[in-house]
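Student: Just passing along the structure, written as structure tokens.
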Amino acid sequence: YTITVDSGTTGAAISDSLYGVFFEDINWAADGGLYAELVRNRSFEFSPADNASYNGLTGWTVTGTATTRDDASRINERNRTYLDINGSVVSSPFATVAGDFYDFSVWARADAATTLTVTLGSTRHIVNVRSGEWRKYSATLRATATTDAATLKVETAGPAKLDMVSLFPRKTFKNHGLRADLASKIAALRPGFLRFPGGCLVNTGSMYGYDAASGYPRARSYQWKDTVGPVETRATNANFWGYNQSYGLGYYEYFQFAEDIGAAPLPVVPALVTGCGQNRATDDPALLQRHIQDTLDLIEFANGPVTSTWGKLRAQMGHPKPFGLTMIAVGNEENLPDAYFANYLKFREAIKAAYPTITVIGNSGPDDQGATFDRLWELNRSAGSDMVDEHYYNSPSWFLQNNARYDSYDRNGPKVFLGEYASQDAKFANSLAEAAYMTGLERNADVVRMASYAPLLANIDHVQWRPDLIWFDADESWGTTSYQTQKLFMNNVGDRVVPSSVAGAVVQPKPITGRVGLSTWATAARYDDVKVTGTDGTVLYSDDFADGNADGWTSLSNRGTWSVQDGAYVQSDTAATNTMVAAATDITATDYDITLKATKT
Ligand code: AHR
């Protein structure tokens, strides 16, 4: 076949920020990941109210008497639990490098003066606690071993109260507290933007912030004001992905990281309509108004002068210069399109009135490509949205089939932000399918303004979703082949599209249009008697799971575990309320009916 390249014609300009990254705290991406803190549950806030397997001493081994207390002696209202101890606590294991320095700190008080002996490997440090009031004590410790099984031990000589027991490697990315190898791998992509903090993380859980007036909700949506200021005043949250987040990695740190890697910050704020299977819209206008004001305050935090309320906080935290925020996304994958859009318009109106140059990004709902998606695009189009966030996770064949997706998008309509995408299931073929698809994104650079693969990070021991771009454990990290694809494209962004055409015997991929898939946002779902029938009556696929096997089924964007039990396909991970997706093989038909039995216990 013949490829004709028309180098004499000028095609669309390709923006330097076409490719970026999307960071969400999923797969332990923040605590135990990018946030370099080595101590788990440093503030003793873990609770069975968040996760049945948690308690105040999760992550610690205790000798002597040690009790976590939530009473008036606490360090502050947001950091409610502390450790009342006469004995020792040993942290969960983490990695150290022999000869490297580590910054230890602890908040402590003792009614009668006492000492703390702090031990890292064979390094010891004595802290004298002489105050009956909470005070922060710091020390530098030097590791004597290169190991991924180091622990931190704090032993008291008498009764004491402890909180915020922390250990940070001295070497962090640009000295800003992020794990150097992970941050460097992200930086090596040369991202044009950083979307954060989610994802489902943003708009699930309580819409109230962590304050007394709202009853200190534990599992709440990601609200930026909960995540700034001194770390000891940031309340731990129980996140959508089934574990706790300390918020040590908060909005200031995200903005700083974006600046450090030369990426434009792109925050996502909750739109007061829950997504990701939690279908609720607020009916509280005051709460909605509070979130809209919070969003305006966020822009002031990022860009305002040091004399402004929130600009002053930014300066106090160490960054008097504005962060240069130019865009903001409202919401993520809401399932109630009209309710979401009504709120989105109110956010947009307020943002544009105060900050006319900020780009406000709407979204197109969950990644089902169905009626919600169509309705949201219709609404975004008629409202003249600046940009619309699309998400999809599909098979490699889908990506090959849909290379031309954006060729037919309206050139005069809203621009596209492909905020989340990944080819799933066929391992290496994923990265090739993504590479092929990205040529379609670049060809349509006049419509597709930004794109980011998702998810970005996965701790190999704590996976809620796969595939992911960069994997890590306590001391190592590695990129997938999709990481190499992203790196190749992201480091070689062109200036302009050069129009081209292909003629001749081009081999078209098979007309695969679908795949048998099961997904649920709940726990304890059971599926049975799955059958796909072509419109001509041909059975294209069936499985009743009676033989004890799930033939051809594979965990796809799996945030849990499926298995065959009692002749049905069962989501056996009941620990968290998450999406579970499992998929069988592709089906080759354009029209078909699918039937199945589904129950939830
Ligand atoms: O990237 C993982 C999840 O996929 C995101 O949280 C959500 O937006 C989407 O469903």
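Ordering of the structure tokens sets the chain letters (A, B, ...); residue numbers start at 1 within each chain; ligands are numbered from 1 in the order shown.
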At a cut-off of 10 Å, using only C-alpha atoms, what residues contact Ala112 in chain A? Leave out same-chain residues fewer than 2 positions from it and give the result as an mmCIF file with N, CA and C atoms, in the first residue's frame.
Tutor:
```
data_model
loop_
_atom_site.group_PDB
_atom_site.id
_atom_site.type_symbol
_atom_site.label_atom_id
_atom_site.label_comp_id
_atom_site.auth_asym_id
_atom_site.auth_seq_id
_atom_site.Cartn_x
_atom_site.Cartn_y
_atom_site.Cartn_z
ATOM 1 N N ARG A 109 4.189 14.433 74.419
ATOM 2 C CA ARG A 109 4.008 15.124 75.699
ATOM 3 C C ARG A 109 4.093 14.094 76.816
ATOM 4 N N ALA A 110 4.510 14.553 77.996
ATOM 5 C CA ALA A 110 4.612 13.635 79.137
ATOM 6 C C ALA A 110 4.401 14.438 80.399
ATOM 7 N N THR A 114 10.412 12.447 80.612
ATOM 8 C CA THR A 114 10.846 11.094 80.281
ATOM 9 C C THR A 114 11.715 11.145 79.020
ATOM 10 N N VAL A 129 11.765 14.262 76.607
ATOM 11 C CA VAL A 129 10.441 14.880 76.589
ATOM 12 C C VAL A 129 10.218 15.503 77.958
ATOM 13 N N ARG A 130 10.222 16.842 77.966
ATOM 14 C CA ARG A 130 10.125 17.515 79.268
ATOM 15 C C ARG A 130 8.845 18.300 79.411
ATOM 16 N N SER A 131 8.037 18.288 78.363
ATOM 17 C CA SER A 131 6.873 19.162 78.389
ATOM 18 C C SER A 131 5.580 18.374 78.549
ATOM 19 N N GLY A 132 4.691 18.929 79.362
ATOM 20 C CA GLY A 132 3.360 18.332 79.501
ATOM 21 C C GLY A 132 2.451 18.754 78.358
ATOM 22 N N GLY A 158 9.096 6.002 80.339
ATOM 23 C CA GLY A 158 7.979 6.155 81.276
ATOM 24 C C GLY A 158 6.740 6.517 80.480
ATOM 25 N N PRO A 159 5.640 6.855 81.136
ATOM 26 C CA PRO A 159 4.412 7.172 80.404
ATOM 27 C C PRO A 159 4.595 8.411 79.518
ATOM 28 N N ALA A 160 4.067 8.336 78.317
ATOM 29 C CA ALA A 160 4.143 9.465 77.382
ATOM 30 C C ALA A 160 2.977 9.361 76.402
#
```
Student: Run DSSP on the backbone and grab whatever in range 373-580 of chain A lands in strand (DSSP E); send it over as a ChimeraX atom specification.
Tutor: /A:387-394,415-423,448-451,457-459,470-472,477-479,500-503,514-520,525-534,539-543,554-555,562-565,568-571,580
Student: What residues of the protein or nucleic acid chains come within 6 Å of ligand 1 when you use only C-alpha atoms and all ligand atoms? Reply as a list in words.
Tutor: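 I would give the residues around ligand 1 as Gly198, Gly199, Cys200, Asn332, Glu333, Ala454 and Pro455 of chain A.
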Student: Check the smallest atom-to-atom distance from each of A:Ala383, A:Ala568, A:Met317, A:Ala238 to Asn51 in chain A using only C-alpha atoms, then report the winner.
Tutor: A:Ala238
Student: Neighbours of range 79-94 of chain A within 7 Å (only C-alpha atoms; same-chain residues fewer than 5 positions away dropped), as a PDB file with C-alpha atoms, in the first residue's frame?
Tutor:
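Output file around08.pdb follows:
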```pdb
ATOM      1  CA  LEU A  38       8.064   5.670  55.605  1.00  0.00           C
ATOM      2  CA  VAL A  39       5.793   5.206  58.613  1.00  0.00           C
ATOM      3  CA  ARG A  40       2.346   3.747  58.095  1.00  0.00           C
ATOM      4  CA  SER A  43      -0.931   9.478  63.518  1.00  0.00           C
ATOM      5  CA  PHE A  44      -2.772   6.410  64.877  1.00  0.00           C
ATOM      6  CA  GLU A  45      -5.975   7.455  63.106  1.00  0.00           C
ATOM      7  CA  GLY A  59       1.017  -0.802  61.108  1.00  0.00           C
ATOM      8  CA  TRP A  60       2.564  -1.025  64.585  1.00  0.00           C
ATOM      9  CA  THR A  61       3.766  -3.768  66.916  1.00  0.00           C
ATOM     10  CA  VAL A  62       3.499  -2.947  70.587  1.00  0.00           C
ATOM     11  CA  THR A  63       5.367  -4.009  73.703  1.00  0.00           C
ATOM     12  CA  GLY A  64       4.343  -2.842  77.165  1.00  0.00           C
ATOM     13  CA  THR A  65       1.185  -0.788  77.498  1.00  0.00           C
ATOM     14  CA  ALA A  66       0.093   1.185  74.474  1.00  0.00           C
ATOM     15  CA  THR A  67      -3.451   2.376  73.869  1.00  0.00           C
ATOM     16  CA  THR A  68      -4.779   4.707  71.234  1.00  0.00           C
ATOM     17  CA  ARG A  69      -7.040   7.380  72.689  1.00  0.00           C
ATOM     18  CA  ASP A  70      -9.487   9.828  71.177  1.00  0.00           C
ATOM     19  CA  ARG A  74      -5.515  15.111  71.577  1.00  0.00           C
ATOM     20  CA  ASP A 148      13.587  -3.418  52.559  1.00  0.00           C
ATOM     21  CA  ALA A 149      12.874  -4.712  56.058  1.00  0.00           C
ATOM     22  CA  ALA A 150      13.953  -1.756  58.190  1.00  0.00           C
ATOM     23  CA  THR A 151      11.742  -0.660  61.069  1.00  0.00           C
ATOM     24  CA  LEU A 152      11.516   2.332  63.343  1.00  0.00           C
ATOM     25  CA  LYS A 153      11.237   1.672  67.052  1.00  0.00           C
ATOM     26  CA  VAL A 154      10.205   4.250  69.639  1.00  0.00           C
ATOM     27  CA  GLU A 155      10.594   3.214  73.261  1.00  0.00           C
ATOM     28  CA  THR A 156       9.574   5.333  76.217  1.00  0.00           C
ATOM     29  CA  GLY A 158       7.979   6.155  81.276  1.00  0.00           C
ATOM     30  CA  PRO A 159       4.412   7.172  80.404  1.00  0.00           C
ATOM     31  CA  ALA A 160       4.143   9.465  77.382  1.00  0.00           C
ATOM     32  CA  LYS A 161       1.721  10.472  74.672  1.00  0.00           C
ATOM     33  CA  LEU A 162       2.871  10.275  71.053  1.00  0.00           C
ATOM     34  CA  ASP A 163       1.475  11.374  67.717  1.00  0.00           C
ATOM     35  CA  GLU A 232      -0.438  17.350  61.786  1.00  0.00           C
ATOM     36  CA  THR A 233      -3.691  19.253  61.158  1.00  0.00           C
ATOM     37  CA  ARG A 234      -4.710  17.252  58.091  1.00  0.00           C
ATOM     38  CA  ALA A 235      -7.326  14.675  58.995  1.00  0.00           C
ATOM     39  CA  ALA A 474       9.243  -0.556  48.889  1.00  0.00           C
TER      40      ALA A 474
END
```
Student: Excluding Ala339 in chain A and its own-chain neighbours fewer than 6 positions away, which residues fall within 12 Å of it when counting only C-alpha atoms? Please give them as a PyMOL selection string.
Tutor: chain A and resi 271-275+279-283+331+345-346+365+372+375-376+379
Student: Could you tell me which of A:Gly311, A:Gly11, A:Gly209, A:Pro197 comes closest to Tyr254 in chain A if we count only C-alpha atoms?
Tutor: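 Checking each of A:Gly311, A:Gly11, A:Gly209, A:Pro197 against Tyr254 in chain A, counting only C-alpha atoms, the winner is A:Pro197.
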Student: Could you tell me which of A:Val165, A:Tyr453, A:Val532, A:Thr4 comes closest to Leu116 in chain A if we count only C-alpha atoms?
Tutor: A:Val165
Student: Quick check, in Å to one decimal: how far apart do CA of Ala436 in chain A and CA of Val498 in chain A lie?
Tutor: 16.4 Å
Student: Quick one: of A:Phe257, A:Tyr340, A:Phe22, A:Trp224, who's nearest to Asp294 in chain A, counting only C-alpha atoms?
Tutor: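 Closest to Asp294 in chain A of all the choices is A:Trp224.
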Student: I'd like to know which of A:Tyr483, A:Phe301, A:Tyr592, A:Phe373 is closest to Asp536 in chain A, using only C-alpha atoms.
Tutor: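 Looking at the shortest contact to Asp536 in chain A, the residue is A:Tyr592.
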Student: Suppose you want the space between CA of Tyr421 in chain A and CA of Glu434 in chain A; what is it in Å?
Tutor: 9.0 Å
Student: Excluding same-chain residues fewer than 3 positions from Ala30 in chain A, what lies within 9 Å of it counting only C-alpha atoms, as a list in words?
Tutor: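 Close residues of Ala30 in chain A: Glu24, Asp25, Ile26, Asn27, Gly33, Leu34, Tyr35, Ala36, Gln245, Ser246, Tyr247, Gly248, Leu249 and Leu457 of chain A.
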Student: Selected residues, N, CA and C atoms, written as a PDB file, in the first residue's frame, please.
Tutor:
```pdb
ATOM      1  N   GLU A  24      -3.858   9.495  40.650  1.00  0.00           N
ATOM      2  CA  GLU A  24      -4.918   9.265  41.625  1.00  0.00           C
ATOM      3  C   GLU A  24      -4.361   8.364  42.721  1.00  0.00           C
ATOM      4  N   ASP A  25      -4.814   8.591  43.950  1.00  0.00           N
ATOM      5  CA  ASP A  25      -4.407   7.718  45.051  1.00  0.00           C
ATOM      6  C   ASP A  25      -5.238   6.435  44.985  1.00  0.00           C
ATOM      7  N   ILE A  26      -4.825   5.558  44.094  1.00  0.00           N
ATOM      8  CA  ILE A  26      -5.395   4.222  43.917  1.00  0.00           C
ATOM      9  C   ILE A  26      -4.190   3.294  43.958  1.00  0.00           C
ATOM     10  N   ASN A  27      -4.356   2.042  44.308  1.00  0.00           N
ATOM     11  CA  ASN A  27      -3.220   1.101  44.370  1.00  0.00           C
ATOM     12  C   ASN A  27      -2.116   1.585  45.321  1.00  0.00           C
ATOM     13  N   GLY A  33       3.630   5.116  48.611  1.00  0.00           N
ATOM     14  CA  GLY A  33       4.011   5.263  47.212  1.00  0.00           C
ATOM     15  C   GLY A  33       4.733   6.582  46.991  1.00  0.00           C
ATOM     16  N   LEU A  34       4.120   7.480  46.222  1.00  0.00           N
ATOM     17  CA  LEU A  34       4.796   8.720  45.848  1.00  0.00           C
ATOM     18  C   LEU A  34       5.140   9.594  47.055  1.00  0.00           C
ATOM     19  N   TYR A  35       4.279   9.607  48.049  1.00  0.00           N
ATOM     20  CA  TYR A  35       4.560  10.375  49.271  1.00  0.00           C
ATOM     21  C   TYR A  35       5.608   9.597  50.064  1.00  0.00           C
ATOM     22  N   ALA A  36       6.758  10.230  50.309  1.00  0.00           N
ATOM     23  CA  ALA A  36       7.920   9.457  50.767  1.00  0.00           C
ATOM     24  C   ALA A  36       7.891   9.056  52.242  1.00  0.00           C
ATOM     25  N   GLN A 245      -6.003   7.511  53.544  1.00  0.00           N
ATOM     26  CA  GLN A 245      -5.003   8.425  52.993  1.00  0.00           C
ATOM     27  C   GLN A 245      -4.716   9.494  54.041  1.00  0.00           C
ATOM     28  N   SER A 246      -3.430   9.778  54.233  1.00  0.00           N
ATOM     29  CA  SER A 246      -3.023  10.703  55.304  1.00  0.00           C
ATOM     30  C   SER A 246      -3.167  12.151  54.881  1.00  0.00           C
ATOM     31  N   TYR A 247      -3.251  12.397  53.577  1.00  0.00           N
ATOM     32  CA  TYR A 247      -3.257  13.754  53.026  1.00  0.00           C
ATOM     33  C   TYR A 247      -1.924  14.467  53.231  1.00  0.00           C
ATOM     34  N   GLY A 248      -0.883  13.692  53.604  1.00  0.00           N
ATOM     35  CA  GLY A 248       0.447  14.292  53.602  1.00  0.00           C
ATOM     36  C   GLY A 248       0.769  14.780  52.191  1.00  0.00           C
ATOM     37  N   LEU A 249       0.308  13.996  51.206  1.00  0.00           N
ATOM     38  CA  LEU A 249       0.333  14.455  49.822  1.00  0.00           C
ATOM     39  C   LEU A 249      -0.990  15.171  49.599  1.00  0.00           C
ATOM     40  N   LEU A 457       0.096   4.805  38.850  1.00  0.00           N
ATOM     41  CA  LEU A 457       0.979   4.077  39.772  1.00  0.00           C
ATOM     42  C   LEU A 457       0.283   2.881  40.412  1.00  0.00           C
TER      43      LEU A 457
END
```
